[in-house]
Amino acid sequence: MVIIVCMEKTVKIIKRSVCVLLSVVIIFCISAIFLGCKDNNTYDGELLRLHIRANSNDTADQAVKLKVRDAINAYITDNIDKSTFSEAYAEIEKHLDKLSAIADYTLRANGYNYGATARLSNEYFPSRMYHDVTVPEGFYDALIIELGSGTGDNWWCVIYPPLCYGEDFKYKSFFAELFGG
């Protein structure tokens with residue numbers, strides 16, 4: 001009889017322990033889900049942006065801007081190390097003349113006589129989304145390529161981290177990483 005009573009008490013203790021443990025796990029999982037969703041893909045670190053500013057909003061100027069974009073992106077993909085912010089910045093700085101020449105050549109090859117300039121600048125940018133990544137508003141370093149007067153709409157992307165160069169980019173919470181999300 002004593003053994004049965006002891007076993008019943010042990011079973012009760014085990015059941016309570018399992019219930020408490022499951023409750024803690026459930027609370028932890030729910031917290032992880034909510035924390036994993038909050039700002040899951042907002043980037044708040046170092047960025048090197050790319051802005052190609054068209055001469056005007058004229059349809060032809062906007063179209064040639066996209067041709068310049070393609071030429072610049074091809075060059076950056078093949079020639080710029082984007083492993084860290086510092087490396088990407090230094091590489092872009094070293095290649096500014098070449099980037100200007102590529103933009104100039106593309107303009108001239110398409111019948112445009114206005115030139116292009118490439119420079120690095122720290123400027124204010126509004127909040128933007130690239131695919132599912134939000135880049136908050138603020139001051140960022142950027143490669144600015146101005147075509148002619150540079151007063152038209154721009155095309156933008158991010159050189160570092162490489163948002164527009166075929167490499168995956170997702171930011172997740174600690175809990176999402178912990179649970180393999």
# chains A, B, ... in the order shown; residues from 1 in each chain; ligands from 1
>>> residues_around(residues="A:Asn73", least_positions_apart="6", cutoff="10 Å", atoms="only C-alpha atoms", output="tab-separated table (two decimals) with N, CA and C atoms, in the first residue's frame")
chain	number	residue	atom	x	y	z
A	50	LEU	N	23.59	52.47	-53.83
A	50	LEU	CA	23.88	52.86	-55.21
A	50	LEU	C	22.68	53.63	-55.73
A	67	LYS	N	19.87	51.42	-68.87
A	67	LYS	CA	21.01	50.84	-69.58
A	67	LYS	C	22.31	51.11	-68.82
A	79	ASN	N	33.83	43.08	-60.53
A	79	ASN	CA	35.08	43.73	-60.12
A	79	ASN	C	35.14	44.28	-58.70
A	80	ILE	N	34.05	44.28	-57.98
A	80	ILE	CA	34.04	44.91	-56.66
A	80	ILE	C	33.84	43.85	-55.59
A	99	LEU	N	33.92	53.81	-63.19
A	99	LEU	CA	32.46	53.82	-63.15
A	99	LEU	C	31.90	55.02	-63.92
A	157	CYS	N	19.76	50.82	-55.33
A	157	CYS	CA	19.98	49.48	-54.81
A	157	CYS	C	21.03	49.60	-53.70
A	159	ILE	N	24.86	48.19	-52.57
A	159	ILE	CA	26.07	47.46	-52.93
A	159	ILE	C	26.51	46.59	-51.76
A	164	CYS	N	21.45	43.71	-54.48
A	164	CYS	CA	21.08	43.60	-55.90
A	164	CYS	C	22.14	42.86	-56.70
A	165	TYR	N	22.88	42.00	-56.06
A	165	TYR	CA	23.94	41.28	-56.77
A	165	TYR	C	23.82	39.78	-56.61
>>> closest_residue(among="A:Asp104, A:Glu91, A:Asp97, A:Asp153", to="A:Asn57", atoms="only C-alpha atoms")
A:Asp153
>>> residues_around(residues="stretch 46-49 of chain A", least_positions_apart="3", cutoff="12 Å", atoms="only C-alpha atoms", output="compact mmCIF listing (two decimals) with all heavy atoms, in the first residue's frame")
# COMPACT_ATOMS: atom_id res chain seq x y z
N TYR A 43 17.02 46.41 -42.01
CA TYR A 43 18.46 46.50 -41.91
C TYR A 43 18.83 47.78 -41.18
O TYR A 43 18.36 48.85 -41.53
CB TYR A 43 19.11 46.50 -43.30
CG TYR A 43 20.60 46.48 -43.17
CD1 TYR A 43 21.23 45.32 -42.79
CD2 TYR A 43 21.36 47.62 -43.34
CE1 TYR A 43 22.60 45.29 -42.61
CE2 TYR A 43 22.71 47.60 -43.18
CZ TYR A 43 23.33 46.43 -42.80
OH TYR A 43 24.68 46.40 -42.61
N ILE A 52 21.51 55.81 -59.17
CA ILE A 52 21.77 56.29 -60.52
C ILE A 52 20.66 57.27 -60.82
O ILE A 52 19.49 56.90 -60.90
CB ILE A 52 21.82 55.14 -61.53
CG1 ILE A 52 22.93 54.16 -61.13
CG2 ILE A 52 22.03 55.69 -62.95
CD1 ILE A 52 23.02 52.92 -61.99
N LYS A 82 32.62 42.72 -52.23
CA LYS A 82 31.55 43.19 -51.35
C LYS A 82 31.49 42.39 -50.06
O LYS A 82 30.43 42.21 -49.47
CB LYS A 82 30.21 43.12 -52.10
CG LYS A 82 30.17 43.96 -53.36
CD LYS A 82 28.92 43.74 -54.19
CE LYS A 82 28.81 42.43 -54.85
NZ LYS A 82 29.82 42.05 -55.82
N SER A 83 32.63 41.88 -49.59
CA SER A 83 32.65 41.04 -48.39
C SER A 83 32.33 41.81 -47.12
O SER A 83 31.67 41.29 -46.23
CB SER A 83 34.02 40.37 -48.23
OG SER A 83 34.30 39.57 -49.35
N THR A 84 32.84 43.03 -47.03
CA THR A 84 32.55 43.89 -45.87
C THR A 84 32.26 45.30 -46.39
O THR A 84 32.58 45.63 -47.53
CB THR A 84 33.75 43.98 -44.90
OG1 THR A 84 34.83 44.67 -45.55
CG2 THR A 84 34.21 42.60 -44.42
N PHE A 85 31.68 46.09 -45.53
CA PHE A 85 31.41 47.48 -45.89
C PHE A 85 32.71 48.19 -46.27
O PHE A 85 32.78 48.87 -47.30
CB PHE A 85 30.73 48.22 -44.73
CG PHE A 85 30.62 49.69 -44.97
CD1 PHE A 85 29.58 50.20 -45.73
CD2 PHE A 85 31.55 50.57 -44.43
CE1 PHE A 85 29.49 51.57 -45.97
CE2 PHE A 85 31.47 51.93 -44.66
CZ PHE A 85 30.43 52.43 -45.43
N SER A 86 33.73 48.05 -45.44
CA SER A 86 35.01 48.74 -45.69
C SER A 86 35.62 48.35 -47.02
O SER A 86 36.13 49.20 -47.76
CB SER A 86 36.00 48.44 -44.56
OG SER A 86 35.50 48.92 -43.35
N GLU A 87 35.58 47.05 -47.34
CA GLU A 87 36.14 46.59 -48.62
C GLU A 87 35.34 47.14 -49.79
O GLU A 87 35.91 47.60 -50.78
CB GLU A 87 36.17 45.06 -48.66
CG GLU A 87 37.21 44.46 -47.75
CD GLU A 87 37.10 42.95 -47.64
OE1 GLU A 87 36.08 42.37 -48.10
OE2 GLU A 87 38.02 42.35 -47.08
N ALA A 88 34.01 47.08 -49.67
CA ALA A 88 33.17 47.58 -50.77
C ALA A 88 33.40 49.07 -50.98
O ALA A 88 33.55 49.52 -52.12
CB ALA A 88 31.70 47.30 -50.46
N TYR A 89 33.45 49.84 -49.90
CA TYR A 89 33.66 51.29 -50.00
C TYR A 89 35.01 51.59 -50.66
O TYR A 89 35.09 52.41 -51.57
CB TYR A 89 33.56 51.93 -48.61
CG TYR A 89 33.50 53.43 -48.65
CD1 TYR A 89 32.27 54.08 -48.64
CD2 TYR A 89 34.66 54.21 -48.72
CE1 TYR A 89 32.20 55.47 -48.68
CE2 TYR A 89 34.60 55.59 -48.77
CZ TYR A 89 33.36 56.21 -48.74
OH TYR A 89 33.30 57.59 -48.79
N ALA A 90 36.06 50.92 -50.18
CA ALA A 90 37.41 51.16 -50.72
C ALA A 90 37.49 50.78 -52.20
O ALA A 90 38.11 51.49 -53.00
CB ALA A 90 38.45 50.39 -49.91
N GLU A 91 36.86 49.67 -52.56
CA GLU A 91 36.86 49.23 -53.96
C GLU A 91 36.12 50.22 -54.85
O GLU A 91 36.58 50.56 -55.94
CB GLU A 91 36.22 47.84 -54.08
CG GLU A 91 37.06 46.73 -53.51
CD GLU A 91 38.20 46.34 -54.42
OE1 GLU A 91 37.98 46.19 -55.64
OE2 GLU A 91 39.32 46.22 -53.90
N ILE A 92 34.97 50.68 -54.40
CA ILE A 92 34.20 51.66 -55.18
C ILE A 92 35.02 52.94 -55.33
O ILE A 92 35.11 53.51 -56.42
CB ILE A 92 32.82 51.94 -54.54
CG1 ILE A 92 31.91 50.72 -54.64
CG2 ILE A 92 32.17 53.18 -55.14
CD1 ILE A 92 31.51 50.33 -56.05
N GLU A 93 35.61 53.39 -54.22
CA GLU A 93 36.42 54.62 -54.26
C GLU A 93 37.56 54.49 -55.28
O GLU A 93 37.85 55.41 -56.04
CB GLU A 93 36.97 54.90 -52.86
CG GLU A 93 37.61 56.25 -52.71
CD GLU A 93 37.92 56.55 -51.26
OE1 GLU A 93 38.41 55.66 -50.53
OE2 GLU A 93 37.67 57.70 -50.85
N ARG A 119 30.46 59.58 -57.81
CA ARG A 119 31.09 60.06 -56.58
C ARG A 119 30.54 59.29 -55.40
O ARG A 119 29.45 58.72 -55.45
CB ARG A 119 30.85 61.56 -56.40
CG ARG A 119 29.39 61.93 -56.23
CD ARG A 119 29.19 63.45 -56.16
NE ARG A 119 27.81 63.82 -56.39
CZ ARG A 119 26.84 63.79 -55.47
NH1 ARG A 119 27.12 63.43 -54.24
NH2 ARG A 119 25.61 64.14 -55.78
N LEU A 120 31.31 59.28 -54.32
CA LEU A 120 30.83 58.73 -53.06
C LEU A 120 30.37 59.89 -52.19
O LEU A 120 31.03 60.93 -52.14
CB LEU A 120 31.94 57.95 -52.35
CG LEU A 120 32.23 56.57 -52.94
CD1 LEU A 120 33.54 56.01 -52.41
CD2 LEU A 120 31.09 55.61 -52.63
N SER A 121 29.24 59.71 -51.53
CA SER A 121 28.69 60.78 -50.73
C SER A 121 27.90 60.18 -49.57
O SER A 121 27.37 59.07 -49.68
CB SER A 121 27.77 61.64 -51.61
OG SER A 121 27.22 62.71 -50.88
N ASN A 122 27.82 60.91 -48.47
CA ASN A 122 26.96 60.52 -47.36
C ASN A 122 25.75 61.42 -47.40
O ASN A 122 25.88 62.63 -47.21
CB ASN A 122 27.70 60.64 -46.02
CG ASN A 122 26.87 60.09 -44.89
OD1 ASN A 122 26.01 60.77 -44.35
ND2 ASN A 122 27.14 58.85 -44.53
N GLU A 123 24.59 60.86 -47.69
CA GLU A 123 23.39 61.64 -47.90
C GLU A 123 22.22 61.05 -47.13
O GLU A 123 22.22 59.87 -46.79
CB GLU A 123 23.03 61.70 -49.39
CG GLU A 123 24.09 62.36 -50.24
CD GLU A 123 23.68 62.48 -51.70
OE1 GLU A 123 22.52 62.17 -52.04
OE2 GLU A 123 24.53 62.88 -52.50
N TYR A 124 21.20 61.89 -46.95
CA TYR A 124 19.96 61.44 -46.32
C TYR A 124 19.09 60.75 -47.36
O TYR A 124 18.92 61.24 -48.48
CB TYR A 124 19.19 62.63 -45.73
CG TYR A 124 17.84 62.21 -45.21
CD1 TYR A 124 17.71 61.64 -43.96
CD2 TYR A 124 16.70 62.35 -46.00
CE1 TYR A 124 16.48 61.21 -43.50
CE2 TYR A 124 15.46 61.94 -45.55
CZ TYR A 124 15.36 61.36 -44.29
OH TYR A 124 14.14 60.94 -43.85
N PHE A 125 18.53 59.60 -46.98
CA PHE A 125 17.62 58.87 -47.84
C PHE A 125 16.37 58.50 -47.06
O PHE A 125 16.46 58.14 -45.88
CB PHE A 125 18.27 57.58 -48.37
CG PHE A 125 19.43 57.83 -49.27
CD1 PHE A 125 20.73 57.73 -48.81
CD2 PHE A 125 19.24 58.18 -50.60
CE1 PHE A 125 21.81 57.96 -49.64
CE2 PHE A 125 20.31 58.41 -51.45
CZ PHE A 125 21.60 58.30 -50.96
N ARG A 128 13.07 52.87 -47.54
CA ARG A 128 12.80 52.17 -48.81
C ARG A 128 12.73 50.67 -48.55
O ARG A 128 13.31 50.17 -47.60
CB ARG A 128 13.93 52.40 -49.82
CG ARG A 128 14.11 53.83 -50.19
CD ARG A 128 13.21 54.19 -51.33
NE ARG A 128 13.68 55.46 -51.86
CZ ARG A 128 12.92 56.30 -52.46
NH1 ARG A 128 11.66 56.06 -52.63
NH2 ARG A 128 13.40 57.43 -52.91
N TYR A 130 13.48 46.93 -50.43
CA TYR A 130 14.07 46.20 -51.54
C TYR A 130 13.67 44.74 -51.35
O TYR A 130 14.11 44.11 -50.40
CB TYR A 130 15.59 46.35 -51.59
CG TYR A 130 16.16 45.76 -52.85
CD1 TYR A 130 16.15 46.48 -54.04
CD2 TYR A 130 16.66 44.47 -52.87
CE1 TYR A 130 16.64 45.94 -55.21
CE2 TYR A 130 17.15 43.91 -54.04
CZ TYR A 130 17.13 44.65 -55.19
OH TYR A 130 17.60 44.11 -56.37
N VAL A 135 14.88 49.24 -45.66
CA VAL A 135 16.04 50.08 -45.33
C VAL A 135 15.47 51.35 -44.73
O VAL A 135 14.82 52.14 -45.43
CB VAL A 135 16.89 50.39 -46.58
CG1 VAL A 135 18.06 51.30 -46.22
CG2 VAL A 135 17.38 49.11 -47.24
N PRO A 136 15.65 51.56 -43.41
CA PRO A 136 15.04 52.73 -42.77
C PRO A 136 15.64 54.04 -43.25
O PRO A 136 16.76 54.08 -43.77
CB PRO A 136 15.32 52.51 -41.28
CG PRO A 136 16.31 51.43 -41.17
CD PRO A 136 16.40 50.73 -42.49
N GLU A 137 14.89 55.12 -43.06
CA GLU A 137 15.39 56.43 -43.45
C GLU A 137 16.64 56.76 -42.63
O GLU A 137 16.85 56.22 -41.55
CB GLU A 137 14.32 57.50 -43.21
CG GLU A 137 14.02 57.73 -41.73
CD GLU A 137 13.00 58.82 -41.52
OE1 GLU A 137 13.24 59.95 -41.97
OE2 GLU A 137 11.98 58.53 -40.90
N GLY A 138 17.47 57.63 -43.19
CA GLY A 138 18.67 58.05 -42.48
C GLY A 138 19.77 58.46 -43.45
O GLY A 138 19.58 58.50 -44.66
N PHE A 139 20.93 58.75 -42.87
CA PHE A 139 22.09 59.13 -43.67
C PHE A 139 22.89 57.87 -43.99
O PHE A 139 23.19 57.08 -43.10
CB PHE A 139 22.97 60.14 -42.91
CG PHE A 139 22.39 61.51 -42.92
CD1 PHE A 139 21.47 61.90 -41.95
CD2 PHE A 139 22.73 62.41 -43.92
CE1 PHE A 139 20.92 63.16 -41.96
CE2 PHE A 139 22.18 63.69 -43.94
CZ PHE A 139 21.28 64.06 -42.96
N TYR A 140 23.20 57.70 -45.27
CA TYR A 140 23.93 56.53 -45.73
C TYR A 140 25.02 56.95 -46.70
O TYR A 140 24.88 57.92 -47.44
CB TYR A 140 23.00 55.55 -46.45
CG TYR A 140 21.96 54.94 -45.55
CD1 TYR A 140 20.67 55.44 -45.50
CD2 TYR A 140 22.27 53.85 -44.74
CE1 TYR A 140 19.72 54.89 -44.67
CE2 TYR A 140 21.32 53.28 -43.91
CZ TYR A 140 20.04 53.80 -43.88
OH TYR A 140 19.10 53.25 -43.07
N ASP A 141 26.09 56.16 -46.72
CA ASP A 141 27.10 56.32 -47.75
C ASP A 141 26.52 55.76 -49.03
O ASP A 141 25.81 54.75 -49.02
CB ASP A 141 28.38 55.56 -47.38
CG ASP A 141 29.11 56.23 -46.23
OD1 ASP A 141 29.34 57.44 -46.30
OD2 ASP A 141 29.44 55.52 -45.25
N ALA A 142 26.83 56.42 -50.15
CA ALA A 142 26.26 55.99 -51.42
C ALA A 142 27.20 56.30 -52.57
O ALA A 142 27.91 57.31 -52.55
CB ALA A 142 24.91 56.67 -51.66
N LEU A 143 27.18 55.41 -53.54
CA LEU A 143 27.78 55.69 -54.83
C LEU A 143 26.68 56.39 -55.63
O LEU A 143 25.63 55.81 -55.89
CB LEU A 143 28.20 54.40 -55.54
CG LEU A 143 28.55 54.52 -57.02
CD1 LEU A 143 29.72 55.49 -57.24
CD2 LEU A 143 28.85 53.15 -57.61
N ILE A 144 26.92 57.66 -55.95
CA ILE A 144 25.95 58.45 -56.71
C ILE A 144 26.48 58.57 -58.13
O ILE A 144 27.60 59.04 -58.35
CB ILE A 144 25.79 59.87 -56.10
CG1 ILE A 144 25.48 59.82 -54.61
CG2 ILE A 144 24.76 60.67 -56.90
CD1 ILE A 144 24.14 59.26 -54.24
N ILE A 145 25.67 58.15 -59.08
CA ILE A 145 26.01 58.33 -60.49
C ILE A 145 24.96 59.26 -61.08
O ILE A 145 23.78 58.90 -61.13
CB ILE A 145 26.08 56.99 -61.24
CG1 ILE A 145 27.18 56.13 -60.61
CG2 ILE A 145 26.32 57.22 -62.74
CD1 ILE A 145 27.37 54.79 -61.22
N TRP A 155 17.30 55.31 -59.89
CA TRP A 155 17.22 53.88 -59.64
C TRP A 155 18.15 53.63 -58.48
O TRP A 155 19.24 54.20 -58.41
CB TRP A 155 17.67 53.09 -60.87
CG TRP A 155 17.65 51.61 -60.61
CD1 TRP A 155 16.58 50.78 -60.75
CD2 TRP A 155 18.72 50.80 -60.13
NE1 TRP A 155 16.92 49.50 -60.40
CE2 TRP A 155 18.24 49.49 -60.00
CE3 TRP A 155 20.04 51.06 -59.77
CZ2 TRP A 155 19.03 48.43 -59.56
CZ3 TRP A 155 20.82 50.02 -59.32
CH2 TRP A 155 20.32 48.72 -59.22
N TRP A 156 17.74 52.80 -57.53
CA TRP A 156 18.60 52.59 -56.36
C TRP A 156 18.70 51.12 -56.03
O TRP A 156 17.85 50.31 -56.38
CB TRP A 156 18.09 53.37 -55.16
CG TRP A 156 16.90 52.73 -54.50
CD1 TRP A 156 15.59 52.85 -54.87
CD2 TRP A 156 16.92 51.87 -53.37
NE1 TRP A 156 14.80 52.11 -54.05
CE2 TRP A 156 15.58 51.49 -53.10
CE3 TRP A 156 17.93 51.38 -52.55
CZ2 TRP A 156 15.24 50.66 -52.06
CZ3 TRP A 156 17.59 50.55 -51.51
CH2 TRP A 156 16.26 50.19 -51.27
N CYS A 157 19.76 50.82 -55.33
CA CYS A 157 19.98 49.48 -54.81
C CYS A 157 21.03 49.60 -53.70
O CYS A 157 21.39 50.71 -53.31
CB CYS A 157 20.45 48.55 -55.92
SG CYS A 157 20.14 46.83 -55.51
N VAL A 158 21.49 48.48 -53.22
CA VAL A 158 22.49 48.48 -52.16
C VAL A 158 23.66 47.60 -52.59
O VAL A 158 23.47 46.43 -52.93
CB VAL A 158 21.90 47.99 -50.81
CG1 VAL A 158 22.96 47.98 -49.72
CG2 VAL A 158 20.72 48.88 -50.40
N ILE A 159 24.86 48.19 -52.57
CA ILE A 159 26.07 47.46 -52.93
C ILE A 159 26.51 46.59 -51.76
O ILE A 159 26.88 45.44 -51.93
CB ILE A 159 27.19 48.44 -53.32
CG1 ILE A 159 26.77 49.23 -54.56
CG2 ILE A 159 28.51 47.70 -53.55
CD1 ILE A 159 27.68 50.40 -54.89
N TYR A 160 26.50 47.16 -50.55
CA TYR A 160 26.82 46.39 -49.35
C TYR A 160 25.80 46.70 -48.28
O TYR A 160 25.59 47.87 -47.99
CB TYR A 160 28.23 46.68 -48.82
CG TYR A 160 28.46 45.83 -47.58
CD1 TYR A 160 28.91 44.52 -47.71
CD2 TYR A 160 28.16 46.31 -46.32
CE1 TYR A 160 29.05 43.72 -46.59
CE2 TYR A 160 28.29 45.51 -45.20
CZ TYR A 160 28.73 44.22 -45.34
OH TYR A 160 28.86 43.42 -44.25
N PRO A 161 25.20 45.67 -47.67
CA PRO A 161 25.26 44.28 -48.09
C PRO A 161 24.64 44.12 -49.47
O PRO A 161 23.78 44.90 -49.85
CB PRO A 161 24.46 43.53 -47.03
CG PRO A 161 23.62 44.56 -46.36
CD PRO A 161 24.29 45.88 -46.54
N PRO A 162 25.10 43.15 -50.22
CA PRO A 162 24.74 43.07 -51.64
C PRO A 162 23.28 42.67 -51.87
O PRO A 162 22.97 41.51 -52.05
CB PRO A 162 25.71 42.01 -52.17
CG PRO A 162 26.11 41.21 -50.99
CD PRO A 162 26.04 42.12 -49.81
N LEU A 163 22.40 43.66 -51.90
CA LEU A 163 20.98 43.38 -52.12
C LEU A 163 20.67 43.15 -53.59
O LEU A 163 19.68 42.51 -53.91
CB LEU A 163 20.12 44.56 -51.63
CG LEU A 163 20.03 44.76 -50.14
CD1 LEU A 163 19.06 45.88 -49.83
CD2 LEU A 163 19.58 43.50 -49.44
N CYS A 164 21.45 43.71 -54.48
CA CYS A 164 21.08 43.60 -55.90
C CYS A 164 22.14 42.86 -56.70
O CYS A 164 22.24 43.06 -57.90
CB CYS A 164 20.81 44.98 -56.50
SG CYS A 164 22.01 46.23 -56.11
>>> closest_residue(among="A:Ala116, A:His131, A:Lys94, A:Thr106", to="A:Gly150", atoms="only C-alpha atoms")
A:Ala116
>>> closest_residue(among="A:Ser100, A:Asn113, A:Ser127, A:Thr134", to="A:Ala71", atoms="only C-alpha atoms")
A:Ser100
>>> atom_distance(atom1="atom CA of A:Ala101", atom2="atom CA of A:Arg53")
15.6 Å
>>> atom_distance(atom1="atom CA of A:His51", atom2="atom CA of A:Val68")
11.2 Å
>>> select_by_dssp(residues="stretch 51-98 of chain A", states="helix (DSSP H, G or I)", output="ChimeraX atom specification")
/A:59-79,85-94,96-98
